[in-house]
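Q: Before anything else, here's the structure in question.
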Amino acid sequence: MAEQADPGTTNYSMAELMAVAMARALEAEDGNLGGVGAAAVVPMAAARLAVLTVAPNLWWFCGGASGLNPTFDNLPRSSADPKAAVGSTGKKNMLDVVDMGATGKWDWGFNGGLQIDKFGNINMIGIGPHDKLKLRGPGTVGTIWTGTLKRPYLYSMHHAPRILVDRVDYISGPGWLDGGTSRADVIGRDTLGPQLLFTPICVLDFTEDAHQLRLKSVHPGYDKDAVIANTGCELVVPDKVPETPPPTEQELFVLRNHVDRDGVLKDVRATVG
Amino acid sequence: MAEQADPGTTNYSMAELMAVAMARALEAEDGNLGGVGAAAVVPMAAARLAVLTVAPNLWWFCGGASGLNPTFDNLPRSSADPKAAVGSTGKKNMLDVVDMGATGKWDWGFNGGLQIDKFGNINMIGIGPHDKLKLRGPGTVGTIWTGTLKRPYLYSMHHAPRILVDRVDYISGPGWLDGGTSRADVIGRDTLGPQLLFTPICVLDFTEDAHQLRLKSVHPGYDKDAVIANTGCELVVPDKVPETPPPTEQELFVLRNHVDRDGVLKDVRATVG
Amino acid sequence: MAGNQDKVVSLDQAGAMIAARKILSLAGSHSVNSPMALIRAAIRAGASALSIIPPVTTSIASDLLIAAGAVDTFYLCYIGFETLGFAPAFRAAAEAGTLNVIEGDEPFVMLGTRAAAGGYPFIPVNKGVYEGTDLPRLNPMLKKVTDPFTGEEVYAIPALPADVCILHAQAADAQGNAQFWGGNNQELDKAMAADCVIISTERLISVDATRRDVERVNIPGHMVDAVVHVPYGAHPTASPEFYGTDEAHLKTYFDAVRGGNRDDYLDRFVTGPADHEAYLGEVGLSAMFELQKNA
Amino acid sequence: MAGNQDKVVSLDQAGAMIAARKILSLAGSHSVNSPMALIRAAIRAGASALSIIPPVTTSIASDLLIAAGAVDTFYLCYIGFETLGFAPAFRAAAEAGTLNVIEGDEPFVMLGTRAAAGGYPFIPVNKGVYEGTDLPRLNPMLKKVTDPFTGEEVYAIPALPADVCILHAQAADAQGNAQFWGGNNQELDKAMAADCVIISTERLISVDATRRDVERVNIPGHMVDAVVHVPYGAHPTASPEFYGTDEAHLKTYFDAVRGGNRDDYLDRFVTGPADHEAYLGEVGLSAMFELQKNA
């Protein structure tokens, strides 16, 4: 059964660690436009932190409240909270958000899933036969845009064999599909599949040609074996896997004083197993 | 050659007379929603005057400036002038205006044409063969919505044989088409064809079954014969045709003090012949 | 519905108007600006066998209707209770097979609504949108159409018209001119796509007040059939600039439904209270005032 | 074009960007908010063989480009000079057969733009829209398509993407976040339907000023490629809250082109002045200030 993920220290929470790791990855997107959706408190924190640290020119859209580049320093629990739009430089209509999905104008975005498979495909639909789902998922929301996003990023607040599976029951968000050239063949060559996957215990990427899930770094307090034991799919595990560098003092300072003054990330639930 | 229309008195201008006549007609539309488009200074004045006299619950959309139910008392020369939206209770996007055309949600509207024929069809396209137009018209704008408007109204600032023709060269705004049941047959029974046509010398309506142009009243200073002489199509002319009642003192007071304080309607050009 | 200059009705009247219709469209986003008082009124008025077209993300607004047994068919894009978990009534009904779920998504709901708003019979989408996904297989309402300009086959999303659209506004006047503060502007298309539009509002303002601040008007009154003045009418969801989401109340609901005590919740908060004022009494006015701090 | 945080370019640079492209989209309405300084710059930069997709009503913005010989193809909805009469250069070129006119209309231009903005290959329209009119016969870009949901044949309007969209804003910041005061909101879809978006602005404001008044932002900067600071950049058309339409100047233009003296006008106001400041000198600053009274 799932247990609360342990960041291996009392210096920061697991959600804080994940937000920091995700923020760092956004350095590669500086100047590019992306977004976070519903139920996305950690990606929201990551985008705001990235702007204040490694990606000052990041453009980001904040879900339901619809703000572009908000400057909140009290992280809301929901992107739909109007306070998530504080200090925005613009507001987007939901229709425009969809239009930009359909026209492939989003550079990056964070998405999660009920299930994520070894090629980074996402399932938000459910588990079991569709006419009699064993687990009825919450619906696909914007996961379909992983097919048109130039570079999708994935995350899951839970790392468990039931979530990281060999093959998703349904593809609501296309990843690298069957790996290899399959995504390029089916969707076209304008977009890439998932770049990274963040979980409570590690960061994963995808191999260069097969586009298969590969362990990239393990969070403090966990090791390779813990990752393998809690993963339901085949995993490429290099001989040497570095530790995810823990949040620096500066990152924690900015996170707690300019992103999340209320400490919302202290009690966001993240689980293992 | 066309000459300036003479209102038969120095008490009011021809454009003022037309605005008053058109405003009176809007009594039948009290509570209903309609609009005026581009180059529509007289319909704008008429709608505003109607609200202040006979149709207090009229809903009307004012063209390019996009205001609903504006309360200007300085009539602008153009509906695109931002001052045309003064005091509005709402603004409409152009897309919504089109959507409402396509879904048949406009109750009434005023439209004009390069040519108007005996069944109230409108041509804004031009005169002559389409690949070599003798007169290139300004384009159809919203005249196409006469097909979905519940009750179109027509007007022309010019009354001449070249304008009121037997058959328009092109239909950009469908009227009663070929008369009789043809409009109902082709477009459906949800909308009616044109109700009235206002010109500088008369008001016309359409016969009940054939839906053919019929003289309804002649403006002061003109008579039946003048109308017939300046009309290029067959016209149903009843034995007795009343005079259009001239503007009352109260109508002129409201028009000049609450609709058109700058006297824009004093020099709007209206011609005969 | 332009004509009437005074569209104000009582909450009970609005509930009966909703209950008389079958396809119900909602806006709001997640746990913000949901027309909760209208929903409770519709349940009290006996709404049943509804088809729900929700906004792209929905929470208690839809789940409560399902919990009350008022829903047959649900056009799904996303339903959930964020950090609390899956929508409990939705999940139970879907897994039990008592709810017909249309497996929709953002383009399906947004463009189906846009098509209905604009009178397009359908909207064809870019080739890339559904490639590589299982959606076309799972959603029989998606069909292929041949693009007459290129000869290519593309997916078509049908227009999704509604019988009635219910919305919660921050301010509206008696003509129905309504302001929605915050959110992502799904309201206008939702209203245009519906035969009947009913608006609950925090503040009922004068038409002159509307004219003073016309740039804030999101829906012009000619599209609106009824206006209900319901302060705190979005509770337990948030009303921007008035009050924040009542997280504790959401948890009360969530725990009750997941714990098999949905009737207790319905009795106490939906069917039990005689009117909206009684509901607020049950919630507690001091709790309501406390939520204002978090607006 | 999100990346760059400073998109400010000179008017000459913007003119060259426009002149390097072929399908030009304009917003503004009639003689309000036309990007006239950009248009003059594009003519000076040698713009030629353009296809113009105008707003639903256009006036001197399009007619001047035609007068300058820069236009091959014109997507017509409505062009005119209101009380002055027909657009003189358009009419002469169309009647002489030197201008390819696409016989469009409101649904064609608006929905073609919407389709391009949203990535729909086309938009099918309600059956009633074109019935009884000659438009389908005169506009070969309208095609029939079979509605896969009903089997009925309906008309389809193709997406009308543009290479470049030029707009005049009342305020914009260096990131391209732009405000359009007044008008009927054709700008956003126009911008989304274009590969490149260039905005001239009355006021160049700080990003902090944008944040202070975000509800006025109509186009977010990530859609914008270049911003040009051009006070009086809409002259002789109006700039809402800054100045009214210069009716006398429109008549000067109208009389010159209709009277066969278009080159005199072009020399004096378009190709002659060394820059925008020289243009304003030719118009006369006191005349400009006078127009402010009519804003």
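Residues are referred to by chain and number: the chain letter is A, B, ... according to the order shown in the structure tokens, the number counts from 1 in that chain, and ligands are numbered separately from 1 in the order shown.
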Can you list, as a ChimeraX atom specification, all residues belonging to stretch 61-283 of chain C that DSSP tags as helix (DSSP H, G or I)?

A: /C:61-67,82-84,88-96,106-118,135-138,187-192,207-212,214-216,221-223,247-258,262-271,276-283

Q: Return as CSV the residues of chain B lying at most 6 Å from chain D, together with the closest atom-to-atom pair for each and the distance in Å to one decimal, counting only C-alpha atoms, with rows in chain order and ascending residue number.

A:
residue,atom,partner,partner_atom,distance
B:Ala39,CA,D:Glu82,CA,4.9
B:Ala65,CA,D:Gly183,CA,5.0
B:Ser66,CA,D:Asn184,CA,5.4
B:Pro82,CA,D:Gly182,CA,5.7
B:Asn93,CA,D:Asn184,CA,4.9
B:Met94,CA,D:Asn184,CA,5.3
B:Ala102,CA,D:Val129,CA,6.0
B:Leu133,CA,D:Glu95,CA,5.9
B:Arg136,CA,D:Arg91,CA,5.8
B:Pro138,CA,D:Ile79,CA,5.2
B:Gly139,CA,D:Tyr78,CA,4.4
B:Thr140,CA,D:Asp105,CA,5.6
B:Val141,CA,D:Cys77,CA,5.1
B:Gly142,CA,D:Glu106,CA,5.8
B:Ile171,CA,D:Thr133,CA,5.0
B:Ser172,CA,D:Thr133,CA,5.5
B:Pro174,CA,D:Gly132,CA,5.9
B:Ile187,CA,D:Glu131,CA,5.8

Q: Give one line per residue of chain C that approaches chain D to at most 7 Å, naming the two atoms of the closest pair and their distance in Å to one decimal, counting only C-alpha atoms; sort by chain then ascending residue number and deliver it as CSV.

A:
residue,atom,partner,partner_atom,distance
C:Gly119,CA,D:Asn126,CA,5.6
C:Tyr120,CA,D:Val125,CA,4.9
C:Pro121,CA,D:Asn126,CA,6.4
C:Phe122,CA,D:Pro124,CA,6.8
C:Ile123,CA,D:Ile123,CA,6.2
C:Pro124,CA,D:Tyr120,CA,5.7
C:Val125,CA,D:Tyr120,CA,4.8
C:Asn126,CA,D:Tyr120,CA,5.5
C:Lys143,CA,D:Pro148,CA,6.7
C:Val145,CA,D:Pro148,CA,6.1
C:Pro148,CA,D:Val145,CA,6.1

Q: Pick out the residues sitting within 12 Å of A:Gly179, and hand them over as a ChimeraX atom specification; count only C-alpha atoms, and ignore anything fewer than 2 positions along from it in its own chain.

A: /A:117-121,167,174-177,181-186,192-194,206-213

Q: Could those residues be written to a file, using C-alpha atoms, as a CSV table (one decimal), in the first residue's frame?

A:
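Printed below is result.csv as written:
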chain,number,residue,atom,x,y,z
A,117,ASP,CA,3.9,3.9,-19.3
A,118,LYS,CA,7.5,3.2,-20.3
A,119,PHE,CA,7.1,5.3,-23.5
A,120,GLY,CA,5.6,8.2,-21.6
A,121,ASN,CA,2.1,7.7,-22.7
A,167,ARG,CA,1.5,-0.2,-21.2
A,174,PRO,CA,0.3,10.5,-26.5
A,175,GLY,CA,3.9,10.1,-25.4
A,176,TRP,CA,6.5,8.3,-27.6
A,177,LEU,CA,3.6,5.8,-28.4
A,181,THR,CA,10.0,6.4,-34.6
A,182,SER,CA,6.4,5.6,-33.9
A,183,ARG,CA,5.5,9.1,-32.6
A,184,ALA,CA,7.1,10.8,-35.6
A,185,ASP,CA,5.4,8.4,-37.9
A,186,VAL,CA,1.9,8.8,-36.4
A,192,LEU,CA,8.8,15.6,-29.4
A,193,GLY,CA,7.6,13.1,-26.9
A,194,PRO,CA,8.0,13.5,-23.2
A,206,PHE,CA,13.8,8.7,-22.1
A,207,THR,CA,16.5,7.0,-24.1
A,208,GLU,CA,17.6,8.7,-27.3
A,209,ASP,CA,16.4,6.2,-29.9
A,210,ALA,CA,14.0,3.8,-28.3
A,211,HIS,CA,12.5,6.6,-26.2
A,212,GLN,CA,12.1,4.3,-23.3
A,213,LEU,CA,11.9,5.4,-19.6

Q: Got a sec: who's within 8 Å of B:Val259, counting only C-alpha atoms, leaving out chain neighbours fewer than 3 positions off, as a VMD selection string?

A: chain B and resid 45 48 to 49 72 to 75 254 to 256

Q: Based on the selection just made, write N, CA, C and O atoms of those residues as a PDB file, in the first residue's frame.

A:
ATOM      1  N   ALA B  45     -29.646  56.865 -35.763  1.00  0.00           N
ATOM      2  CA  ALA B  45     -30.499  57.916 -35.197  1.00  0.00           C
ATOM      3  C   ALA B  45     -31.903  57.368 -34.953  1.00  0.00           C
ATOM      4  O   ALA B  45     -32.529  57.655 -33.927  1.00  0.00           O
ATOM      5  N   ARG B  48     -31.996  55.069 -31.832  1.00  0.00           N
ATOM      6  CA  ARG B  48     -31.876  55.850 -30.590  1.00  0.00           C
ATOM      7  C   ARG B  48     -33.160  56.645 -30.329  1.00  0.00           C
ATOM      8  O   ARG B  48     -33.649  56.711 -29.199  1.00  0.00           O
ATOM      9  N   LEU B  49     -33.715  57.213 -31.393  1.00  0.00           N
ATOM     10  CA  LEU B  49     -34.957  57.975 -31.256  1.00  0.00           C
ATOM     11  C   LEU B  49     -36.109  57.056 -30.850  1.00  0.00           C
ATOM     12  O   LEU B  49     -36.949  57.417 -30.013  1.00  0.00           O
ATOM     13  N   PHE B  72     -25.861  57.682 -26.492  1.00  0.00           N
ATOM     14  CA  PHE B  72     -25.296  58.939 -27.002  1.00  0.00           C
ATOM     15  C   PHE B  72     -26.392  59.966 -27.238  1.00  0.00           C
ATOM     16  O   PHE B  72     -27.515  59.604 -27.589  1.00  0.00           O
ATOM     17  N   ASP B  73     -26.064  61.237 -27.038  1.00  0.00           N
ATOM     18  CA  ASP B  73     -26.980  62.241 -27.559  1.00  0.00           C
ATOM     19  C   ASP B  73     -26.305  63.101 -28.634  1.00  0.00           C
ATOM     20  O   ASP B  73     -26.931  63.990 -29.185  1.00  0.00           O
ATOM     21  N   ASN B  74     -25.030  62.801 -28.896  1.00  0.00           N
ATOM     22  CA  ASN B  74     -24.357  63.414 -30.045  1.00  0.00           C
ATOM     23  C   ASN B  74     -24.163  62.328 -31.093  1.00  0.00           C
ATOM     24  O   ASN B  74     -23.148  61.622 -31.104  1.00  0.00           O
ATOM     25  N   LEU B  75     -25.137  62.202 -31.972  1.00  0.00           N
ATOM     26  CA  LEU B  75     -25.079  61.173 -33.025  1.00  0.00           C
ATOM     27  C   LEU B  75     -23.727  61.199 -33.742  1.00  0.00           C
ATOM     28  O   LEU B  75     -23.359  62.220 -34.316  1.00  0.00           O
ATOM     29  N   VAL B 254     -36.928  65.728 -29.364  1.00  0.00           N
ATOM     30  CA  VAL B 254     -36.118  64.618 -28.849  1.00  0.00           C
ATOM     31  C   VAL B 254     -34.948  64.343 -29.785  1.00  0.00           C
ATOM     32  O   VAL B 254     -33.797  64.167 -29.344  1.00  0.00           O
ATOM     33  N   LEU B 255     -35.226  64.355 -31.066  1.00  0.00           N
ATOM     34  CA  LEU B 255     -34.169  64.063 -32.046  1.00  0.00           C
ATOM     35  C   LEU B 255     -33.013  65.051 -31.916  1.00  0.00           C
ATOM     36  O   LEU B 255     -31.846  64.665 -31.927  1.00  0.00           O
ATOM     37  N   ARG B 256     -33.339  66.320 -31.765  1.00  0.00           N
ATOM     38  CA  ARG B 256     -32.290  67.357 -31.789  1.00  0.00           C
ATOM     39  C   ARG B 256     -31.640  67.585 -30.438  1.00  0.00           C
ATOM     40  O   ARG B 256     -30.555  68.147 -30.360  1.00  0.00           O
TER      41      ARG B 256
END

Q: Could you check the closest approach to D:Met288 for each of D:Lys22, D:Arg212, D:Arg268, D:His235 and tell me which residue wins, using only C-alpha atoms?

A: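 When distances to D:Met288 are compared using only C-alpha atoms, the smallest one comes from D:His235.
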
Q: Restricting the calculation to only C-alpha atoms, which member of C:Val228, C:Ala287, C:Ala47, C:Ala37 is positioned closest to C:Ile60?

A: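 Smallest distance to C:Ile60 is found for C:Ala37.
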
Q: Would you mind reading off the distance between atom CA of D:Asp225 and atom CA of D:Met36, one decimal, in Å?

A: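 Distance between the two atoms: 18.2 Å.
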
Q: What does the structure give for the distance between atom CA of D:Glu202 and atom CA of D:Asp264, in Å to one decimal?

A: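 About the pair atom CA of D:Glu202 and atom CA of D:Asp264: they are 27.7 Å apart.
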
Q: Would you please give, as a PyMOL selection string, all residues of stretch 44-140 of chain D that DSSP assigns to strand (DSSP E or B) based on the backbone?

A: chain D and resi 50-53+58+71-76+79-80+86+100-103+122-124

Q: Find the residues near C:Ala162: any atom within 9 Å, counting only C-alpha atoms, skip ones fewer than 3 places away on the same chain, and give them as JSON, numbers by chain.

A: {"C": [22, 23, 24, 25, 51, 52, 53, 113, 116, 165, 190, 191, 193, 194, 195, 196]}

Q: Please identify all polymer residues within 8 Å of A:Val241, counting only C-alpha atoms, omitting same-chain residues fewer than 5 positions from it, and present them as number ranges by chain.

A: A: 215-218, 224

Q: Can I get the selection written as a compact mmCIF listing (two decimals), in the first residue's frame, with all heavy atoms?

A:
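Output file out.txt follows:
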# COMPACT_ATOMS: atom_id res chain seq x y z
N LEU A 215 16.16 5.88 -15.80
CA LEU A 215 16.40 6.57 -14.53
C LEU A 215 17.49 7.61 -14.71
O LEU A 215 18.58 7.30 -15.22
CB LEU A 215 16.79 5.53 -13.46
CG LEU A 215 16.88 6.02 -12.03
CD1 LEU A 215 15.60 6.69 -11.57
CD2 LEU A 215 17.22 4.84 -11.10
N LYS A 216 17.22 8.82 -14.29
CA LYS A 216 18.18 9.91 -14.51
C LYS A 216 18.83 10.34 -13.20
O LYS A 216 20.03 10.56 -13.14
CB LYS A 216 17.43 11.08 -15.14
CG LYS A 216 18.29 12.27 -15.53
CD LYS A 216 17.45 13.33 -16.25
CE LYS A 216 18.06 14.70 -16.19
NZ LYS A 216 19.26 14.82 -17.03
N SER A 217 18.02 10.48 -12.15
CA SER A 217 18.60 10.75 -10.83
C SER A 217 17.62 10.29 -9.77
O SER A 217 16.41 10.24 -10.00
CB SER A 217 18.92 12.24 -10.65
OG SER A 217 17.75 13.00 -10.53
N VAL A 218 18.16 9.91 -8.64
CA VAL A 218 17.32 9.41 -7.54
C VAL A 218 17.33 10.45 -6.43
O VAL A 218 18.38 11.02 -6.11
CB VAL A 218 17.86 8.06 -7.02
CG1 VAL A 218 16.99 7.54 -5.88
CG2 VAL A 218 17.91 7.04 -8.15
N LYS A 224 18.40 3.25 -6.34
CA LYS A 224 17.99 2.53 -7.54
C LYS A 224 17.01 1.41 -7.22
O LYS A 224 16.02 1.24 -7.93
CB LYS A 224 19.23 1.83 -8.13
CG LYS A 224 20.03 2.57 -9.10
CD LYS A 224 20.96 1.54 -9.78
CE LYS A 224 22.30 2.17 -10.12
NZ LYS A 224 23.16 1.24 -10.86

Q: For stretch 104-115 of chain A, work out the shell of residues within 9 Å, counting only C-alpha atoms and skipping chain neighbours fewer than 5 positions away, then give it as a ChimeraX atom specification.

A: /A:26,29,32-37,40,43,60,97,99,121-127,137-138,140,142-143,145-157,162-165,167-170,172-173,190-191 /C:128 /D:119

Q: Export C-alpha atoms of the chosen residues as a CSV table (one decimal), in the first residue's frame?

A:
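Final output, again.csv:
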chain,number,residue,atom,x,y,z
A,26,LEU,CA,12.5,24.7,-17.0
A,29,GLU,CA,12.5,26.4,-21.7
A,32,ASN,CA,9.4,29.6,-24.3
A,33,LEU,CA,5.7,29.4,-23.7
A,34,GLY,CA,4.0,26.7,-21.7
A,35,GLY,CA,1.4,26.0,-19.1
A,36,VAL,CA,0.1,24.0,-16.2
A,37,GLY,CA,-3.5,22.8,-15.8
A,40,ALA,CA,-1.3,21.3,-10.5
A,43,PRO,CA,3.9,22.5,-11.4
A,60,TRP,CA,3.7,30.4,-18.6
A,97,VAL,CA,-5.9,27.7,-24.9
A,99,ASP,CA,-6.8,26.8,-30.2
A,121,ASN,CA,2.1,7.7,-22.7
A,122,ILE,CA,-0.6,9.0,-20.3
A,123,ASN,CA,-3.9,7.5,-19.3
A,124,MET,CA,-6.5,9.6,-17.6
A,125,ILE,CA,-9.5,7.5,-18.7
A,126,GLY,CA,-9.4,4.6,-16.4
A,127,ILE,CA,-8.4,1.0,-15.8
A,137,GLY,CA,-10.5,8.1,-14.2
A,138,PRO,CA,-11.3,11.8,-13.9
A,140,THR,CA,-8.6,13.5,-20.1
A,142,GLY,CA,-5.8,18.8,-21.6
A,143,THR,CA,-3.6,15.6,-21.7
A,145,TRP,CA,-2.2,18.2,-26.0
A,146,THR,CA,0.9,16.1,-25.2
A,147,GLY,CA,0.5,15.1,-28.8
A,148,THR,CA,0.9,18.7,-30.1
A,149,LEU,CA,3.1,20.2,-27.3
A,150,LYS,CA,6.6,20.7,-28.7
A,151,ARG,CA,8.1,19.2,-25.5
A,152,PRO,CA,5.8,17.6,-22.9
A,153,TYR,CA,7.0,17.1,-19.3
A,154,LEU,CA,5.4,14.5,-17.1
A,155,TYR,CA,5.1,14.3,-13.3
A,156,SER,CA,3.3,12.1,-10.8
A,157,MET,CA,2.8,12.7,-7.1
A,162,ARG,CA,0.1,0.6,-10.6
A,163,ILE,CA,1.0,4.0,-12.0
A,164,LEU,CA,4.2,3.4,-13.8
A,165,VAL,CA,3.1,0.6,-16.0
A,167,ARG,CA,1.5,-0.2,-21.2
A,168,VAL,CA,-1.3,2.2,-20.3
A,169,ASP,CA,-4.8,0.8,-20.6
A,170,TYR,CA,-5.8,3.9,-22.8
A,172,SER,CA,-5.4,10.0,-23.5
A,173,GLY,CA,-2.0,11.8,-23.8
A,190,ASP,CA,6.9,18.9,-35.4
A,191,THR,CA,6.8,17.8,-31.8
C,128,GLY,CA,-2.7,16.1,-35.3
D,119,GLY,CA,-6.5,25.3,-36.6

Q: My list of candidates is D:Pro231, D:Pro88, D:Pro273, D:Gly259. Which is closest to D:Ala171 when distances are computed with only C-alpha atoms?

A: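 When distances to D:Ala171 are compared using only C-alpha atoms, the smallest one comes from D:Pro231.
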